[in-house]
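Okay, upload.pdb now, which holds PDB, C-alpha atoms:
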```
ATOM      1  CA  MET A   1       9.418 -44.089 -55.731
ATOM      2  CA  ASN A   2       8.824 -47.843 -55.511
ATOM      3  CA  LYS A   3       9.574 -50.041 -52.497
ATOM      4  CA  LEU A   4      12.887 -51.304 -53.881
ATOM      5  CA  GLN A   5      14.158 -47.768 -54.563
ATOM      6  CA  GLU A   6      13.098 -46.669 -51.070
ATOM      7  CA  GLN A   7      14.998 -49.556 -49.436
ATOM      8  CA  SER A   8      18.066 -48.816 -51.560
ATOM      9  CA  LEU A   9      18.027 -45.147 -50.514
ATOM     10  CA  GLN A  10      17.659 -46.072 -46.849
ATOM     11  CA  ALA A  11      20.641 -48.408 -47.103
ATOM     12  CA  LYS A  12      22.697 -45.681 -48.799
ATOM     13  CA  ASP A  13      21.771 -43.198 -46.056
ATOM     14  CA  ALA A  14      22.762 -45.712 -43.396
ATOM     15  CA  ARG A  15      26.187 -46.284 -45.011
ATOM     16  CA  TYR A  16      26.682 -42.524 -45.325
ATOM     17  CA  LEU A  17      25.865 -42.016 -41.645
ATOM     18  CA  THR A  18      28.261 -44.819 -40.655
ATOM     19  CA  ASP A  19      31.040 -43.185 -42.696
ATOM     20  CA  ILE A  20      30.429 -39.845 -40.967
ATOM     21  CA  ILE A  21      30.601 -41.474 -37.546
ATOM     22  CA  ASP A  22      33.814 -43.340 -38.432
ATOM     23  CA  GLU A  23      35.516 -40.270 -39.911
ATOM     24  CA  GLY A  24      34.467 -38.038 -37.062
ATOM     25  CA  ASN A  25      35.124 -40.495 -34.248
ATOM     26  CA  ALA A  26      38.445 -39.005 -33.170
ATOM     27  CA  LYS A  27      37.080 -35.470 -33.250
ATOM     28  CA  THR A  28      33.964 -36.560 -31.377
ATOM     29  CA  GLN A  29      36.077 -38.133 -28.648
ATOM     30  CA  GLU A  30      38.102 -34.937 -28.413
ATOM     31  CA  MET A  31      34.930 -32.864 -28.075
ATOM     32  CA  ILE A  32      33.561 -35.191 -25.397
ATOM     33  CA  GLY A  33      36.833 -34.939 -23.485
ATOM     34  CA  GLU A  34      36.687 -31.147 -23.651
ATOM     35  CA  LEU A  35      33.092 -31.100 -22.437
ATOM     36  CA  LEU A  36      33.938 -33.427 -19.532
ATOM     37  CA  SER A  37      36.873 -31.219 -18.629
ATOM     38  CA  ARG A  38      34.654 -28.148 -18.583
ATOM     39  CA  SER A  39      32.083 -29.988 -16.505
ATOM     40  CA  ASN A  40      34.702 -31.096 -13.987
ATOM     41  CA  GLN A  41      36.015 -27.555 -13.692
ATOM     42  CA  SER A  42      32.552 -26.109 -13.192
ATOM     43  CA  ASP A  43      31.759 -28.728 -10.548
ATOM     44  CA  ALA A  44      35.037 -28.211  -8.648
ATOM     45  CA  LYS A  45      34.799 -26.624  -5.222
ATOM     46  CA  THR A  46      37.692 -24.263  -5.975
ATOM     47  CA  PRO A  47      38.075 -22.514  -9.348
ATOM     48  CA  MET A  48      41.311 -22.799 -11.287
ATOM     49  CA  LEU A  49      43.774 -19.971 -10.867
ATOM     50  CA  SER A  50      47.140 -19.450 -12.500
ATOM     51  CA  PHE A  51      50.358 -17.773 -11.475
ATOM     52  CA  GLY A  52      53.129 -17.229 -13.990
ATOM     53  CA  GLY A  53      51.156 -19.311 -16.478
ATOM     54  CA  VAL A  54      51.024 -22.299 -14.114
ATOM     55  CA  ALA A  55      47.622 -23.599 -13.005
ATOM     56  CA  LEU A  56      47.486 -23.635  -9.220
ATOM     57  CA  ASN A  57      46.178 -26.448  -7.054
ATOM     58  CA  ARG A  58      44.174 -24.528  -4.484
ATOM     59  CA  ASN A  59      43.408 -27.511  -2.275
ATOM     60  CA  PHE A  60      46.770 -27.050  -0.529
ATOM     61  CA  TYR A  61      49.376 -24.357   0.053
ATOM     62  CA  ASN A  62      53.076 -24.235   0.943
ATOM     63  CA  LEU A  63      54.033 -22.381   4.119
ATOM     64  CA  PHE A  64      57.694 -21.436   4.497
ATOM     65  CA  ILE A  65      58.880 -19.844   7.762
ATOM     66  CA  ILE A  66      62.608 -19.071   7.526
ATOM     67  CA  GLY A  67      64.325 -17.210  10.370
ATOM     68  CA  GLY A  68      66.212 -14.132   9.201
ATOM     69  CA  GLU A  69      65.459 -14.732   5.511
ATOM     70  CA  LYS A  70      64.727 -11.624   3.411
ATOM     71  CA  PHE A  71      63.684 -13.567   0.266
ATOM     72  CA  GLY A  72      65.531 -11.119  -1.967
ATOM     73  CA  SER A  73      67.571 -13.509  -4.101
ATOM     74  CA  GLY A  74      64.835 -15.689  -5.569
ATOM     75  CA  ASN A  75      66.004 -18.757  -3.669
ATOM     76  CA  PHE A  76      66.794 -19.977  -0.166
ATOM     77  CA  THR A  77      67.639 -23.204   1.619
ATOM     78  CA  ILE A  78      65.966 -25.103   4.402
ATOM     79  CA  ALA A  79      67.425 -27.985   6.408
ATOM     80  CA  LYS A  80      66.001 -31.388   5.521
ATOM     81  CA  ASP A  81      65.025 -32.007   9.131
ATOM     82  CA  ARG A  82      62.864 -28.872   9.000
ATOM     83  CA  ALA A  83      60.982 -29.857   5.843
ATOM     84  CA  LEU A  84      57.516 -31.419   5.977
ATOM     85  CA  VAL A  85      57.934 -32.796   9.484
ATOM     86  CA  THR A  86      56.038 -30.350  11.729
ATOM     87  CA  GLY A  87      52.695 -28.572  11.390
ATOM     88  CA  ILE A  88      51.539 -31.043   8.761
ATOM     89  CA  GLU A  89      48.698 -33.561   8.855
ATOM     90  CA  PRO A  90      49.783 -37.226   8.481
ATOM     91  CA  ASP A  91      47.813 -37.796   5.267
ATOM     92  CA  VAL A  92      49.222 -34.607   3.714
ATOM     93  CA  LYS A  93      52.752 -35.600   4.749
ATOM     94  CA  LYS A  94      52.267 -39.003   3.137
ATOM     95  CA  GLN A  95      51.126 -37.374  -0.120
ATOM     96  CA  PHE A  96      54.025 -34.923  -0.443
ATOM     97  CA  PHE A  97      56.970 -36.371   1.488
ATOM     98  CA  SER A  98      58.705 -38.219  -1.389
ATOM     99  CA  LEU A  99      60.635 -35.261  -2.771
ATOM    100  CA  ARG A 100      62.657 -37.419  -5.167
ATOM    101  CA  ASP A 101      59.439 -38.376  -6.950
ATOM    102  CA  ASP A 102      58.998 -36.076  -9.962
ATOM    103  CA  SER A 103      55.207 -36.280  -9.786
ATOM    104  CA  VAL A 104      55.277 -35.130  -6.143
ATOM    105  CA  VAL A 105      57.601 -32.237  -6.986
ATOM    106  CA  GLU A 106      55.287 -31.248  -9.838
ATOM    107  CA  GLN A 107      52.396 -31.084  -7.378
ATOM    108  CA  ILE A 108      54.420 -28.930  -4.967
ATOM    109  CA  LEU A 109      55.307 -26.508  -7.765
ATOM    110  CA  SER A 110      51.582 -26.067  -8.475
ATOM    111  CA  LEU A 111      50.707 -24.906  -4.953
ATOM    112  CA  PRO A 112      50.254 -21.258  -3.942
ATOM    113  CA  SER A 113      52.856 -20.412  -1.327
ATOM    114  CA  LEU A 114      53.491 -18.064   1.572
ATOM    115  CA  PHE A 115      57.105 -17.087   2.231
ATOM    116  CA  MET A 116      57.668 -15.601   5.674
ATOM    117  CA  SER A 117      60.424 -14.841   8.152
ATOM    118  CA  GLU A 118      59.921 -15.802  11.789
ATOM    119  CA  ASN A 119      57.768 -13.605  14.021
ATOM    120  CA  VAL A 120      59.558 -11.906  16.911
ATOM    121  CA  ASP A 121      57.107 -13.324  19.449
ATOM    122  CA  PHE A 122      53.944 -15.409  19.601
ATOM    123  CA  MET A 123      51.346 -12.938  18.335
ATOM    124  CA  ARG A 124      53.396 -10.117  16.824
ATOM    125  CA  SER A 125      55.551  -9.585  13.771
ATOM    126  CA  ARG A 126      58.096  -6.792  13.445
ATOM    127  CA  PRO A 127      56.646  -3.412  12.409
ATOM    128  CA  GLY A 128      56.481  -3.345   8.626
ATOM    129  CA  GLN A 129      57.436  -7.020   8.295
ATOM    130  CA  LYS A 130      56.144  -8.452   5.007
ATOM    131  CA  ALA A 131      55.138 -11.910   3.848
ATOM    132  CA  LEU A 132      55.318 -12.862   0.177
ATOM    133  CA  LEU A 133      52.644 -14.630  -1.828
ATOM    134  CA  GLY A 134      53.813 -16.633  -4.835
ATOM    135  CA  ARG A 135      54.862 -20.138  -5.787
ATOM    136  CA  VAL A 136      57.842 -22.482  -5.788
ATOM    137  CA  THR A 137      59.485 -22.744  -9.217
ATOM    138  CA  ASP A 138      62.059 -25.424  -8.447
ATOM    139  CA  LEU A 139      63.534 -27.435  -5.613
ATOM    140  CA  THR A 140      66.888 -29.161  -5.420
ATOM    141  CA  ILE A 141      67.842 -31.864  -2.929
ATOM    142  CA  GLU A 142      71.291 -31.150  -1.459
ATOM    143  CA  PRO A 143      73.242 -33.284   1.068
ATOM    144  CA  ASN A 144      71.812 -31.574   4.159
ATOM    145  CA  ASP A 145      69.432 -28.975   2.771
ATOM    146  CA  ILE A 146      66.725 -28.387   0.202
ATOM    147  CA  LYS A 147      67.220 -25.421  -2.117
ATOM    148  CA  ILE A 148      63.954 -23.671  -2.923
ATOM    149  CA  SER A 149      63.619 -21.371  -5.929
ATOM    150  CA  PHE A 150      60.531 -19.196  -6.029
ATOM    151  CA  GLU A 151      58.764 -16.252  -7.603
ATOM    152  CA  ALA A 152      56.477 -13.810  -5.837
ATOM    153  CA  ASP A 153      54.979 -10.473  -6.847
ATOM    154  CA  MET A 154      52.677  -9.742  -3.934
ATOM    155  CA  GLN A 155      53.553  -8.577  -0.427
ATOM    156  CA  ILE A 156      51.222  -8.816   2.554
ATOM    157  CA  PHE A 157      51.872  -7.378   5.996
ATOM    158  CA  GLN A 158      52.886 -10.368   8.083
ATOM    159  CA  GLN A 159      50.872  -9.214  11.055
ATOM    160  CA  SER A 160      47.756  -9.585   8.884
ATOM    161  CA  ILE A 161      48.703 -13.226   8.302
ATOM    162  CA  THR A 162      49.335 -13.685  12.020
ATOM    163  CA  ASP A 163      45.894 -12.299  12.804
ATOM    164  CA  ILE A 164      44.180 -14.936  10.624
ATOM    165  CA  SER A 165      46.615 -17.774  11.384
ATOM    166  CA  HIS A 166      43.808 -19.979  12.732
ATOM    167  CA  SER A 167      41.945 -19.765   9.392
ATOM    168  CA  LEU A 168      45.150 -20.750   7.621
ATOM    169  CA  GLY A 169      45.661 -23.847   9.750
ATOM    170  CA  ILE A 170      48.735 -22.381  11.418
ATOM    171  CA  ILE A 171      49.209 -24.052  14.780
ATOM    172  CA  GLY A 172      49.890 -22.057  17.947
ATOM    173  CA  ASN A 173      49.785 -22.307  21.733
ATOM    174  CA  PRO A 174      50.261 -19.841  24.619
ATOM    175  CA  GLY A 175      54.046 -20.079  24.377
ATOM    176  CA  CYS A 176      54.842 -20.510  20.710
ATOM    177  CA  SER A 177      53.435 -20.652  17.189
ATOM    178  CA  GLU A 178      54.500 -22.118  13.863
ATOM    179  CA  LEU A 179      55.312 -18.538  12.888
ATOM    180  CA  ASN A 180      58.122 -18.568  15.472
ATOM    181  CA  ASN A 181      59.880 -21.647  14.068
ATOM    182  CA  THR A 182      61.834 -22.171  10.871
ATOM    183  CA  HIS A 183      60.182 -24.934   8.864
ATOM    184  CA  TRP A 184      58.374 -25.830   5.655
ATOM    185  CA  THR A 185      54.931 -27.361   5.793
ATOM    186  CA  ILE A 186      51.955 -27.931   3.507
ATOM    187  CA  LYS A 187      48.416 -27.142   4.622
ATOM    188  CA  ASN A 188      45.237 -28.702   3.241
ATOM    189  CA  ILE A 189      43.543 -25.288   2.969
ATOM    190  CA  ASP A 190      42.544 -22.990   0.096
ATOM    191  CA  LEU A 191      44.939 -20.128   0.792
ATOM    192  CA  ILE A 192      43.530 -17.929  -1.969
ATOM    193  CA  LYS A 193      39.975 -18.213  -0.639
ATOM    194  CA  VAL A 194      41.035 -17.357   2.904
ATOM    195  CA  LEU A 195      42.997 -14.312   1.725
ATOM    196  CA  THR A 196      40.133 -13.063  -0.449
ATOM    197  CA  ASP A 197      37.483 -13.719   2.201
ATOM    198  CA  THR A 198      39.489 -11.713   4.728
ATOM    199  CA  GLY A 199      40.120  -8.852   2.298
ATOM    200  CA  LEU A 200      43.891  -9.369   2.063
ATOM    201  CA  LEU A 201      43.738 -10.295  -1.604
ATOM    202  CA  ALA A 202      41.544  -8.899  -4.370
ATOM    203  CA  LEU A 203      41.480 -10.982  -7.542
ATOM    204  CA  PRO A 204      41.406  -9.092 -10.883
ATOM    205  CA  THR A 205      39.840 -10.539 -14.032
ATOM    206  CA  HIS A 206      42.964 -12.534 -14.913
ATOM    207  CA  ALA A 207      43.840 -13.329 -11.333
ATOM    208  CA  MET A 208      47.533 -13.464 -10.532
ATOM    209  CA  GLU A 209      48.592 -13.730 -14.184
ATOM    210  CA  ARG A 210      52.114 -12.377 -14.500
ATOM    211  CA  ARG A 211      52.305  -9.491 -16.982
TER     212      ARG A 211
END
```

Here is the file; what I need is its structure written in the form of structure tokens.
Amino acid sequence: MNKLQEQSLQAKDARYLTDIIDEGNAKTQEMIGELLSRSNQSDAKTPMLSFGGVALNRNFYNLFIIGGEKFGSGNFTIAKDRALVTGIEPDVKKQFFSLRDDSVVEQILSLPSLFMSENVDFMRSRPGQKALLGRVTDLTIEPNDIKISFEADMQIFQQSITDISHSLGIIGNPGCSELNNTHWTIKNIDLIKVLTDTGLLALPTHAMERR
């Protein structure tokens, strides 16, 4: 092969490589995006978890304390003046308070949630009283109330939640606790981690996937 033929072949190879890059650019970008997504997930402090096919945001959790509520109908209401006003950190309140913002509602629907009736006194629940673990599926703003729709498959003895209330960011004092007052709040705590670390929740291979 002479010098001219060699240069011609090199030029042809260069054009061929350019064509491959151009044709595969979109796919390459897609692959890079997928790799970055995997990297972000592996670097995250809390692993992804899903409930009912919805990926949960484990950085926060919803806490609903509703006096006398049995949570048997799949929905309940809470007065607006009891929603996201007590037991909530100012920065968390600022992030979630705009309930007419669809993006905020979407975030709320992605949070694991505890649904509980009020305790009978500061440190004790009723014998056999159960809390529910699940998630909010919808919320509707009404004139004076907020209607909460939810799904939950897991029951936990409420006294067990009371016993670890400090780890869950639930505020109490010698006379009263959040568990004695009807309200809805959001805590900046990984509920799933606390429940697993304390032995109240064991995660199977496909954790909390609805069958």

| request: Kindly indicate which residue among A:Ile78, A:Leu114, A:Leu195, A:Val54 lies nearest to A:Ser167, using only C-alpha atoms for the distances. | output: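 Among the listed residues, A:Leu195 lies closest to A:Ser167.
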
| request: Fewer than 4 positions away in the same chain doesn't count, so skip those; otherwise give me all residues within 8 Å of stretch 55-61 of chain A, counting all atoms listed in the file, as number ranges by chain. | output: A: 46, 48-51, 107, 110-114, 186-192

C-alpha atoms of the current selection, written as a short mmCIF file (atom, residue, chain, number, x, y, z; two decimals), keeping the file's coordinate frame:
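This is the output file again11.cif:
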```cif
data_model
loop_
_atom_site.label_atom_id
_atom_site.label_comp_id
_atom_site.auth_asym_id
_atom_site.auth_seq_id
_atom_site.Cartn_x
_atom_site.Cartn_y
_atom_site.Cartn_z
CA THR A 46 37.69 -24.26 -5.98
CA MET A 48 41.31 -22.80 -11.29
CA LEU A 49 43.77 -19.97 -10.87
CA SER A 50 47.14 -19.45 -12.50
CA PHE A 51 50.36 -17.77 -11.48
CA GLN A 107 52.40 -31.08 -7.38
CA SER A 110 51.58 -26.07 -8.48
CA LEU A 111 50.71 -24.91 -4.95
CA PRO A 112 50.25 -21.26 -3.94
CA SER A 113 52.86 -20.41 -1.33
CA LEU A 114 53.49 -18.06 1.57
CA ILE A 186 51.96 -27.93 3.51
CA LYS A 187 48.42 -27.14 4.62
CA ASN A 188 45.24 -28.70 3.24
CA ILE A 189 43.54 -25.29 2.97
CA ASP A 190 42.54 -22.99 0.10
CA LEU A 191 44.94 -20.13 0.79
CA ILE A 192 43.53 -17.93 -1.97
#
```

| said: So that I can check the surroundings of A:Cys176, please list as a ChimeraX atom specification every protein, DNA and RNA residue that reaches within 12 Å of it, counting only C-alpha atoms and ignoring chain neighbours fewer than 5 positions away. | reply: /A:118-124,170-171,181

| request: Tell me which protein, DNA and RNA residues are within 8 Å of A:Asp153, counting only C-alpha atoms, leaving out same-chain ones fewer than 6 positions away, and put them as a ChimeraX atom specification. | output: /A:132-134

| task | Counting all atoms listed in the file, figure out which residue out of A:Val105, A:Ile65, A:Leu200, A:Ile146 gets nearest to A:Asp163. | result | A:Leu200

| field | Counting all atoms listed in the file, the option among A:Phe64, A:Lys193, A:Glu69, A:Ile161 closest to A:Arg82 | value |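 Of all the options, A:Phe64 lies closest to A:Arg82.
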
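Put simply, atom CA of A:Thr162 is 15.3 Å away from atom CA of A:Gly87.
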
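Closest to A:Pro143 among A:Ala79, A:Leu63, A:Ala131, A:Leu109 is A:Ala79, based on only C-alpha atoms.
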